[in-house]
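First comes the structure, then the notes that go with it.
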Amino acid sequence: MKVHRHQFDAVVVGAGGAGLMAALYASKQVKTAVLSKLYPTRSHTGTAQGGIAAPLGNMEEDRPEWYAYDTVKGGDWLVDQDAAEILAYESIEAIIELEHMGLPFDRTPDGKIAQRRFGGHTRNFGEAPVMRACHSADRTGHMILQTLYQQCIKHNVNFFDEFFVTDLILEDGVVRGVVAIEIATGDIHVFHSKAVLFATGGAGRIFKVTSNAHSLTGDGMAIVWRRGLPLEDMEFFQFHPTGIYKLGILLSEAARGEGAVLINDKGERFMERYAPTLKDLASRDVISRAIYMEIREGRGIGGKDYVYLDMRPETINRFKSAPGGREVTPEYLEQKLPDIIEFVRVYLGIDPMREPVPIQPTAHYAMGGIPTDVDGRVIRDERNTPVPGLYAAGEVACVSVHGANRLGTNSLVDLVVFGRRAGRHMAEYCKQADFAPLPPEPEAFTVEMVERIRNGTGEERVPIIRNELQETMQTYVSVFREASGLETAIEEIRELQERYRHIRIDDKGERFNTDLLEAIELGFLLDVAEATAFSALNRTESRGAHYREDYPKRDDENWLKHTLIWRQDGRVTFAYKPVVITKWPPKERKY
């Protein structure tokens with residue numbers, strides 16, 4: 001196998017919003033490369049629909065303190081409050097910066113950035129919903145991705161598109177670079193660097209029904225996990241309440257922000273029972289559980305396992321659920337929600353202006369991930385000891401600004417705020433650091449893995465193992481969990497890991513070998529699933545998106561703490577670190 005060598009001060013792995021923002025800021029000071037297994041504008045940030053939050057107060061009075069409180073409350077008090085305050089206060093500057101870069105936000109009649117309501121965002125510490133989500137129709141993530149990519153090109157960031165990173169070079173506790181496969185040729189590339197930032201996104205493909213693209217296989221999480229570093233709060237995986245039935249394709253809560261409501265088989269707006277104040281704009285974990293409760297109690301549509309998202313203008317007007325109780329028309333919704341409406345027409349073959357839409361919760365977002373501080377530095381233990389030269393940002397990271405449950409729009413704010421902070425800090429680190437020498441054969445692990453998979457003669461097949469993993473996770477590690485099911489999941493994951501050792505692929509070639517790439521990704525999925533299931537079994541309480549039917553209460557006395565999980569010598573171990581509380585002590589969440 002051909003091996004190529006490169007040297008950059010900073011290497012960013014992943015070209016979504018967090019990676020591009022970090023690269024943009026790092027490149028202003030040091031030589032920076034971005035490695036992405038996709039063409040950058042195909043990154044998953046582009047699928048984010050509804051908005052990016054900032055307390056601009058353009059439509060209604062708003063304040064950063066209210067936003068920070070909502071983030072803490074939405075995360076069920078597992079949010080580190082110093083991170084939440086940074087998010088809330090720096091979001092204003094970040095949004096204005098994006099505007100000045102050329103992002104085409106929707107506008108108010110007087111030319112200000114338009115804002116809409118979103119789940120869990122309130123005024124005056126939970127009093128009522130507030131318009132906080134800045135938006136560009138329902139294509140906000142797409143616009144952010146395009147804008148940041150243009151800026152990176154303008155600032156001469158070095159891109160290596162369709163390079164699949166497989167390993168982190170970490171010697172004596174110091175980062176020395178990464179190893180990647182060039183998809184077009186099959187060649188191995190060693191990137192020698194002073195610093196590495198992972199921005200590889202989530203791992204929703206561990207589940208059967210997910211909003212995540214096929215590329216979201218937990219690469220960054222699994223790579224650092226294999227190098228002996230911990231993952232944080234992996235038990236917390238958010239299910240978005242409104243995925244298209246069976247497909248999981250996301251219908252943003254921007255629809256509910258414009259007045260759409262959730263309806264059961266009896267035609268009831270059932271969220272009035274579960275969240276009397278915020279109703280259909282309660283936090284995602286609350287609504288996802290409410291949907292499953294309606295289905296369990298026989299009020300799914302036609303007795304099946306879905307309910308309706310009703311965005312018909314006559315329904316919105318009947319319930320007076322649009323902001324301010326205003327009358328809405330099909331033309332208004334077509335303007336505000338063009339992609340959502342088009343998705344329904346394309347994937348379900350129905351017109352949401354005339355018929356309600358079948359939806360079910362879909363695996364959406366990992367609150368946990370690679371543990372970092374507020375400057376994106378990866379930490380190696382419960383004492384917050386940083387790993388020199390290693391950074392992470394975006395969904396792959398756990399700051400923790402999302403705690404046990406992320407608020408809608410906060411993923412995009414996370415990307416730009418903490419991506420920027422990580423890029424700045426990484427540049428400063430690179431300016432004072434030297435290149436640590438590479439080990440003799442830094443590519444050895446990747447070469448051995450590739451050859452083992454390519455030349456494997458076993459009887460196991462990658463798609464079959466992947467499907468069984470996704471079924472297992474969907475059945476036992478979903479919205480509702482309990483000990484016996486989690487133990488079954490762990491047992492089945494361990495069996496699948498053993499079967500994975502005996503896989504065989506058909507394509508033995510080097511160029512564009514997607515068989516090989518999917519086999520490597522399956523290994524990543526198995527690792528992330530193992531960490532998720534063990535963490536879920538370990539946390540004996542219910543908090544945010546982690547709901548244990550055998551432990552249905554939140555337990556602040558024993559579990560107001562972050563989980564760190566390692567795999568060492570084939571065994572899983574845990575440690576804990578306290579939640580940072582600055583202003584708001586825990587209290588009951590009410591919606």
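Order determines the names: the first chain of the structure tokens is A, the second B, and so forth; residues in each chain are numbered 1 upward, and ligands are numbered 1 upward as they are shown.
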Quiz item: In stretch 351-531 of chain A, what's alpha helix (DSSP H) per DSSP? Answer as number ranges by chain?
Solution: A: 410-432, 444-454, 462-476, 483-500, 514-531
How would the residues just chosen look if you wrote them out with C-alpha atoms as a PDB file, in the first residue's frame?
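Saved the output as again.pdb:
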ATOM      1  CA  ASN A 410     -28.593  24.614  20.083  1.00  0.00           C
ATOM      2  CA  SER A 411     -26.650  22.240  17.851  1.00  0.00           C
ATOM      3  CA  LEU A 412     -25.987  25.018  15.326  1.00  0.00           C
ATOM      4  CA  VAL A 413     -25.093  27.512  18.057  1.00  0.00           C
ATOM      5  CA  ASP A 414     -22.750  24.919  19.572  1.00  0.00           C
ATOM      6  CA  LEU A 415     -21.008  24.510  16.203  1.00  0.00           C
ATOM      7  CA  VAL A 416     -20.249  28.164  15.654  1.00  0.00           C
ATOM      8  CA  VAL A 417     -19.571  29.233  19.255  1.00  0.00           C
ATOM      9  CA  PHE A 418     -17.415  26.326  20.407  1.00  0.00           C
ATOM     10  CA  GLY A 419     -15.980  25.636  16.953  1.00  0.00           C
ATOM     11  CA  ARG A 420     -14.682  29.198  16.953  1.00  0.00           C
ATOM     12  CA  ARG A 421     -13.315  28.928  20.503  1.00  0.00           C
ATOM     13  CA  ALA A 422     -11.578  25.639  19.701  1.00  0.00           C
ATOM     14  CA  GLY A 423     -10.066  27.030  16.495  1.00  0.00           C
ATOM     15  CA  ARG A 424      -8.673  30.052  18.302  1.00  0.00           C
ATOM     16  CA  HIS A 425      -7.198  28.005  21.137  1.00  0.00           C
ATOM     17  CA  MET A 426      -5.735  25.438  18.748  1.00  0.00           C
ATOM     18  CA  ALA A 427      -3.982  28.198  16.787  1.00  0.00           C
ATOM     19  CA  GLU A 428      -2.455  29.636  19.952  1.00  0.00           C
ATOM     20  CA  TYR A 429      -1.309  26.170  21.000  1.00  0.00           C
ATOM     21  CA  CYS A 430       0.302  25.515  17.608  1.00  0.00           C
ATOM     22  CA  LYS A 431       2.174  28.835  17.717  1.00  0.00           C
ATOM     23  CA  GLN A 432       4.010  27.832  20.888  1.00  0.00           C
ATOM     24  CA  ALA A 444       0.854   0.430  10.907  1.00  0.00           C
ATOM     25  CA  PHE A 445      -2.515   0.144  12.699  1.00  0.00           C
ATOM     26  CA  THR A 446      -4.473   1.336   9.653  1.00  0.00           C
ATOM     27  CA  VAL A 447      -2.518  -0.828   7.197  1.00  0.00           C
ATOM     28  CA  GLU A 448      -3.065  -3.920   9.340  1.00  0.00           C
ATOM     29  CA  MET A 449      -6.795  -3.157   9.742  1.00  0.00           C
ATOM     30  CA  VAL A 450      -7.290  -2.576   6.020  1.00  0.00           C
ATOM     31  CA  GLU A 451      -5.443  -5.729   5.013  1.00  0.00           C
ATOM     32  CA  ARG A 452      -7.277  -7.825   7.590  1.00  0.00           C
ATOM     33  CA  ILE A 453     -10.669  -6.671   6.333  1.00  0.00           C
ATOM     34  CA  ARG A 454      -9.781  -6.829   2.635  1.00  0.00           C
ATOM     35  CA  VAL A 462     -21.250  -6.322   7.134  1.00  0.00           C
ATOM     36  CA  PRO A 463     -24.880  -5.351   6.270  1.00  0.00           C
ATOM     37  CA  ILE A 464     -26.302  -8.224   8.319  1.00  0.00           C
ATOM     38  CA  ILE A 465     -24.271  -7.356  11.423  1.00  0.00           C
ATOM     39  CA  ARG A 466     -25.109  -3.676  11.029  1.00  0.00           C
ATOM     40  CA  ASN A 467     -28.844  -4.382  10.713  1.00  0.00           C
ATOM     41  CA  GLU A 468     -28.796  -6.611  13.782  1.00  0.00           C
ATOM     42  CA  LEU A 469     -26.943  -3.950  15.762  1.00  0.00           C
ATOM     43  CA  GLN A 470     -29.488  -1.308  14.764  1.00  0.00           C
ATOM     44  CA  GLU A 471     -32.410  -3.588  15.677  1.00  0.00           C
ATOM     45  CA  THR A 472     -30.830  -4.310  19.062  1.00  0.00           C
ATOM     46  CA  MET A 473     -30.261  -0.656  19.875  1.00  0.00           C
ATOM     47  CA  GLN A 474     -33.739   0.346  18.661  1.00  0.00           C
ATOM     48  CA  THR A 475     -35.356  -2.350  20.797  1.00  0.00           C
ATOM     49  CA  TYR A 476     -33.413  -2.041  24.058  1.00  0.00           C
ATOM     50  CA  ALA A 483     -31.972  -3.139  33.191  1.00  0.00           C
ATOM     51  CA  SER A 484     -32.822  -6.517  31.651  1.00  0.00           C
ATOM     52  CA  GLY A 485     -33.157  -5.014  28.174  1.00  0.00           C
ATOM     53  CA  LEU A 486     -29.879  -3.130  28.492  1.00  0.00           C
ATOM     54  CA  GLU A 487     -28.120  -6.273  29.666  1.00  0.00           C
ATOM     55  CA  THR A 488     -29.522  -8.103  26.650  1.00  0.00           C
ATOM     56  CA  ALA A 489     -28.273  -5.305  24.388  1.00  0.00           C
ATOM     57  CA  ILE A 490     -24.758  -5.504  25.838  1.00  0.00           C
ATOM     58  CA  GLU A 491     -24.696  -9.277  25.410  1.00  0.00           C
ATOM     59  CA  GLU A 492     -25.844  -9.002  21.796  1.00  0.00           C
ATOM     60  CA  ILE A 493     -23.360  -6.205  21.023  1.00  0.00           C
ATOM     61  CA  ARG A 494     -20.526  -8.330  22.391  1.00  0.00           C
ATOM     62  CA  GLU A 495     -21.659 -11.232  20.192  1.00  0.00           C
ATOM     63  CA  LEU A 496     -21.764  -8.941  17.162  1.00  0.00           C
ATOM     64  CA  GLN A 497     -18.268  -7.676  17.968  1.00  0.00           C
ATOM     65  CA  GLU A 498     -17.019 -11.262  17.922  1.00  0.00           C
ATOM     66  CA  ARG A 499     -18.798 -11.959  14.636  1.00  0.00           C
ATOM     67  CA  TYR A 500     -17.263  -8.761  13.231  1.00  0.00           C
ATOM     68  CA  THR A 514     -17.045   1.402  -0.283  1.00  0.00           C
ATOM     69  CA  ASP A 515     -17.227  -2.209   0.915  1.00  0.00           C
ATOM     70  CA  LEU A 516     -14.042  -1.607   2.876  1.00  0.00           C
ATOM     71  CA  LEU A 517     -15.134   1.784   4.192  1.00  0.00           C
ATOM     72  CA  GLU A 518     -18.486   0.451   5.423  1.00  0.00           C
ATOM     73  CA  ALA A 519     -16.699  -2.405   7.166  1.00  0.00           C
ATOM     74  CA  ILE A 520     -14.454   0.057   9.023  1.00  0.00           C
ATOM     75  CA  GLU A 521     -17.488   2.187   9.889  1.00  0.00           C
ATOM     76  CA  LEU A 522     -19.251  -0.870  11.307  1.00  0.00           C
ATOM     77  CA  GLY A 523     -16.368  -1.297  13.734  1.00  0.00           C
ATOM     78  CA  PHE A 524     -16.866   2.300  14.844  1.00  0.00           C
ATOM     79  CA  LEU A 525     -20.619   1.745  15.276  1.00  0.00           C
ATOM     80  CA  LEU A 526     -20.057  -1.336  17.430  1.00  0.00           C
ATOM     81  CA  ASP A 527     -17.687   0.586  19.700  1.00  0.00           C
ATOM     82  CA  VAL A 528     -20.059   3.536  20.138  1.00  0.00           C
ATOM     83  CA  ALA A 529     -23.031   1.217  20.729  1.00  0.00           C
ATOM     84  CA  GLU A 530     -21.084  -0.608  23.436  1.00  0.00           C
ATOM     85  CA  ALA A 531     -20.231   2.646  25.223  1.00  0.00           C
TER      86      ALA A 531
END
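Residues surrounding A:Phe239 within 9 Å are Thr210, Arg284, Asp285, Ser288, Pro361, Thr362, Ala363, His364, Tyr365, Ser478, Val479 and Ala545 of chain A [only C-alpha atoms; sequence separation below 5 positions excluded].
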Quiz item: Just asking: which residues within stretch 158-278 of chain A are strand (DSSP E) according to DSSP, as an MDAnalysis selection string?
Solution: chainID A and resid 158:161 163:171 174:182 188:198 231:232 237:244 261:263
Quiz prompt | Shell around A:Glu162 at 7 Å using only C-alpha atoms, local window under 4 positions removed, as a count of residues only | solution = 6
Pull the closest atom pair for each residue of stretch 217-319 of chain A that gets at most 8 Å from stretch 334-350 of chain A, along with the distance in Å to one decimal, counting only C-alpha atoms, ordering rows by chain and then ascending residue number, as CSV.
residue,atom,partner,partner_atom,distance
A:Ile244,CA,A:Val344,CA,7.8
A:Leu251,CA,A:Ile340,CA,5.8
A:Ser252,CA,A:Ile340,CA,7.2
A:Ala254,CA,A:Leu337,CA,7.6
A:Ala255,CA,A:Leu337,CA,6.9
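If you measure from each of A:Gly111, A:Glu355, A:Ser215, A:Thr409 to A:His135 using only C-alpha atoms, the closest one turns out to be A:Thr409.
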Excluding A:Gly228 and its own-chain neighbours fewer than 5 positions away, which residues fall within 7 Å of it when counting only C-alpha atoms? Please give them as a PDB file with all heavy atoms, in the first residue's frame.
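Okay, this is what ended up in part17.pdb:
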ATOM      1  N   TRP A 566     -14.376   4.302  29.964  1.00  0.00           N
ATOM      2  CA  TRP A 566     -13.198   3.825  29.237  1.00  0.00           C
ATOM      3  C   TRP A 566     -13.365   2.346  28.906  1.00  0.00           C
ATOM      4  O   TRP A 566     -14.085   1.623  29.603  1.00  0.00           O
ATOM      5  CB  TRP A 566     -11.939   3.914  30.086  1.00  0.00           C
ATOM      6  CG  TRP A 566     -11.364   5.245  30.373  1.00  0.00           C
ATOM      7  CD1 TRP A 566     -10.321   5.852  29.743  1.00  0.00           C
ATOM      8  CD2 TRP A 566     -11.738   6.141  31.435  1.00  0.00           C
ATOM      9  NE1 TRP A 566     -10.036   7.058  30.329  1.00  0.00           N
ATOM     10  CE2 TRP A 566     -10.888   7.265  31.359  1.00  0.00           C
ATOM     11  CE3 TRP A 566     -12.713   6.105  32.430  1.00  0.00           C
ATOM     12  CZ2 TRP A 566     -10.981   8.335  32.250  1.00  0.00           C
ATOM     13  CZ3 TRP A 566     -12.810   7.159  33.306  1.00  0.00           C
ATOM     14  CH2 TRP A 566     -11.960   8.260  33.212  1.00  0.00           C
ATOM     15  N   ARG A 567     -12.668   1.898  27.861  1.00  0.00           N
ATOM     16  CA  ARG A 567     -12.489   0.463  27.646  1.00  0.00           C
ATOM     17  C   ARG A 567     -10.998   0.177  27.704  1.00  0.00           C
ATOM     18  O   ARG A 567     -10.231   0.673  26.875  1.00  0.00           O
ATOM     19  CB  ARG A 567     -13.058   0.010  26.306  1.00  0.00           C
ATOM     20  CG  ARG A 567     -12.967  -1.518  26.117  1.00  0.00           C
ATOM     21  CD  ARG A 567     -13.617  -1.980  24.832  1.00  0.00           C
ATOM     22  NE  ARG A 567     -12.933  -1.432  23.676  1.00  0.00           N
ATOM     23  CZ  ARG A 567     -13.460  -1.403  22.457  1.00  0.00           C
ATOM     24  NH1 ARG A 567     -14.683  -1.840  22.255  1.00  0.00           N
ATOM     25  NH2 ARG A 567     -12.776  -0.906  21.447  1.00  0.00           N
ATOM     26  N   GLN A 568     -10.594  -0.607  28.676  1.00  0.00           N
ATOM     27  CA  GLN A 568      -9.188  -0.926  28.884  1.00  0.00           C
ATOM     28  C   GLN A 568      -9.044  -2.429  29.089  1.00  0.00           C
ATOM     29  O   GLN A 568      -9.705  -3.019  29.943  1.00  0.00           O
ATOM     30  CB  GLN A 568      -8.643  -0.161  30.101  1.00  0.00           C
ATOM     31  CG  GLN A 568      -8.710   1.352  29.919  1.00  0.00           C
ATOM     32  CD  GLN A 568      -8.429   2.116  31.203  1.00  0.00           C
ATOM     33  OE1 GLN A 568      -8.711   1.641  32.294  1.00  0.00           O
ATOM     34  NE2 GLN A 568      -7.874   3.310  31.076  1.00  0.00           N
TER      35      GLN A 568
END
Self-check item: Selection near A:Asn384, 10 Å with only C-alpha atoms, sequence-local residues under 4 positions removed, as a ChimeraX atom specification
Solution: /A:371-373,377-380,577
List as a compact mmCIF listing (two decimals) with all heavy atoms, in the first residue's frame the protein and nucleic acid residues near A:Met131, meaning an atom at most 8 Å away when only C-alpha atoms are counted, but skip any in the same chain fewer than 2 places from it.
# COMPACT_ATOMS: atom_id res chain seq x y z
N GLY A 57 -33.59 39.53 20.45
CA GLY A 57 -34.74 40.36 20.82
C GLY A 57 -35.32 41.14 19.66
O GLY A 57 -35.93 42.20 19.86
N MET A 59 -37.82 40.21 17.66
CA MET A 59 -39.27 40.02 17.51
C MET A 59 -40.00 40.21 18.84
O MET A 59 -41.14 40.66 18.88
CB MET A 59 -39.56 38.62 16.97
CG MET A 59 -38.74 38.24 15.74
SD MET A 59 -39.31 38.98 14.23
CE MET A 59 -40.78 38.02 13.91
N GLU A 60 -39.35 39.80 19.93
CA GLU A 60 -39.91 39.92 21.28
C GLU A 60 -38.74 40.18 22.23
O GLU A 60 -37.59 39.89 21.90
CB GLU A 60 -40.60 38.61 21.71
CG GLU A 60 -41.78 38.20 20.85
CD GLU A 60 -42.30 36.82 21.23
OE1 GLU A 60 -41.48 35.92 21.50
OE2 GLU A 60 -43.52 36.66 21.24
N GLN A 115 -36.92 35.99 13.59
CA GLN A 115 -36.79 34.90 14.57
C GLN A 115 -38.13 34.20 14.73
O GLN A 115 -39.19 34.78 14.50
CB GLN A 115 -36.30 35.46 15.91
CG GLN A 115 -34.91 36.10 15.81
CD GLN A 115 -34.40 36.66 17.12
OE1 GLN A 115 -34.72 37.78 17.49
NE2 GLN A 115 -33.62 35.86 17.84
N ARG A 116 -38.06 32.91 15.14
CA ARG A 116 -39.27 32.13 15.38
C ARG A 116 -39.14 31.37 16.69
O ARG A 116 -38.06 31.26 17.27
CB ARG A 116 -39.54 31.16 14.22
CG ARG A 116 -38.47 30.13 14.00
CD ARG A 116 -38.96 28.94 13.13
NE ARG A 116 -39.41 29.30 11.81
CZ ARG A 116 -38.80 29.00 10.66
NH1 ARG A 116 -37.63 28.34 10.70
NH2 ARG A 116 -39.30 29.34 9.50
N ARG A 117 -40.26 30.82 17.14
CA ARG A 117 -40.26 30.00 18.35
C ARG A 117 -39.64 28.65 18.08
O ARG A 117 -39.67 28.14 16.96
CB ARG A 117 -41.69 29.83 18.86
CG ARG A 117 -42.32 31.11 19.37
CD ARG A 117 -43.76 30.86 19.81
NE ARG A 117 -44.37 32.08 20.34
CZ ARG A 117 -45.63 32.16 20.72
NH1 ARG A 117 -46.42 31.10 20.64
NH2 ARG A 117 -46.12 33.28 21.20
N PHE A 118 -39.12 28.06 19.16
CA PHE A 118 -38.57 26.70 19.08
C PHE A 118 -38.73 26.04 20.44
O PHE A 118 -38.81 26.71 21.47
CB PHE A 118 -37.09 26.74 18.67
CG PHE A 118 -36.79 25.97 17.41
CD1 PHE A 118 -37.13 26.49 16.17
CD2 PHE A 118 -36.19 24.73 17.46
CE1 PHE A 118 -36.87 25.79 15.00
CE2 PHE A 118 -35.92 24.02 16.30
CZ PHE A 118 -36.26 24.55 15.07
N HIS A 121 -37.50 27.05 24.37
CA HIS A 121 -36.99 28.42 24.47
C HIS A 121 -38.09 29.34 25.00
O HIS A 121 -39.17 29.42 24.41
CB HIS A 121 -36.50 28.90 23.10
CG HIS A 121 -35.29 28.18 22.61
ND1 HIS A 121 -34.01 28.57 22.94
CD2 HIS A 121 -35.15 27.08 21.82
CE1 HIS A 121 -33.13 27.76 22.36
NE2 HIS A 121 -33.80 26.84 21.69
N PRO A 129 -43.38 30.85 25.65
CA PRO A 129 -42.45 30.71 24.51
C PRO A 129 -41.96 32.07 24.03
O PRO A 129 -42.65 33.09 24.15
CB PRO A 129 -43.30 30.02 23.45
CG PRO A 129 -44.40 29.34 24.20
CD PRO A 129 -44.68 30.22 25.37
N ALA A 133 -35.15 31.77 17.56
CA ALA A 133 -34.45 31.03 16.51
C ALA A 133 -34.33 31.88 15.24
O ALA A 133 -35.33 32.18 14.59
CB ALA A 133 -35.17 29.73 16.19
At most 9 Å is the cut-off: for each residue in stretch 58-119 of chain A with any atom that close to an atom of stretch 582-586 of chain A, write down the nearest atom pair and the distance in Å rounded to one decimal, counting only C-alpha atoms, chain first then increasing number, as a tab-separated table.
residue	atom	partner	partner_atom	distance
A:Tyr69	CA	A:Trp584	CA	7.5
A:Val72	CA	A:Trp584	CA	8.0
A:Lys73	CA	A:Pro586	CA	8.3
A:Asp76	CA	A:Pro586	CA	8.0
A:Trp77	CA	A:Pro586	CA	5.7
A:Leu78	CA	A:Pro586	CA	8.9
A:Asp80	CA	A:Thr582	CA	8.4
A:Gln81	CA	A:Thr582	CA	5.8
A:Asp82	CA	A:Thr582	CA	6.7
Selection: 8 Å around A:Gly16, only C-alpha atoms, excl. self and same-chain fewer than 5 positions, as a short mmCIF file (atom, residue, chain, number, x, y, z; two decimals) with C-alpha atoms, in the first residue's frame:
data_model
loop_
_atom_site.label_atom_id
_atom_site.label_comp_id
_atom_site.auth_asym_id
_atom_site.auth_seq_id
_atom_site.Cartn_x
_atom_site.Cartn_y
_atom_site.Cartn_z
CA PRO A 40 -17.57 19.53 2.64
CA THR A 41 -20.95 20.88 1.57
CA SER A 43 -21.70 17.41 5.64
CA HIS A 44 -24.62 16.79 7.98
CA THR A 45 -24.82 20.39 9.22
CA GLY A 46 -26.56 21.05 5.90
CA LEU A 145 -22.47 25.29 5.79
CA ALA A 199 -15.48 17.50 14.31
CA THR A 200 -16.82 14.26 12.86
CA GLY A 201 -20.43 14.55 14.01
#
Quiz item: With only C-alpha atoms as the basis for distance, which of A:Arg289, A:His214, A:His402, A:Arg461 is at the shortest distance from A:Asp70?
Solution: A:His402
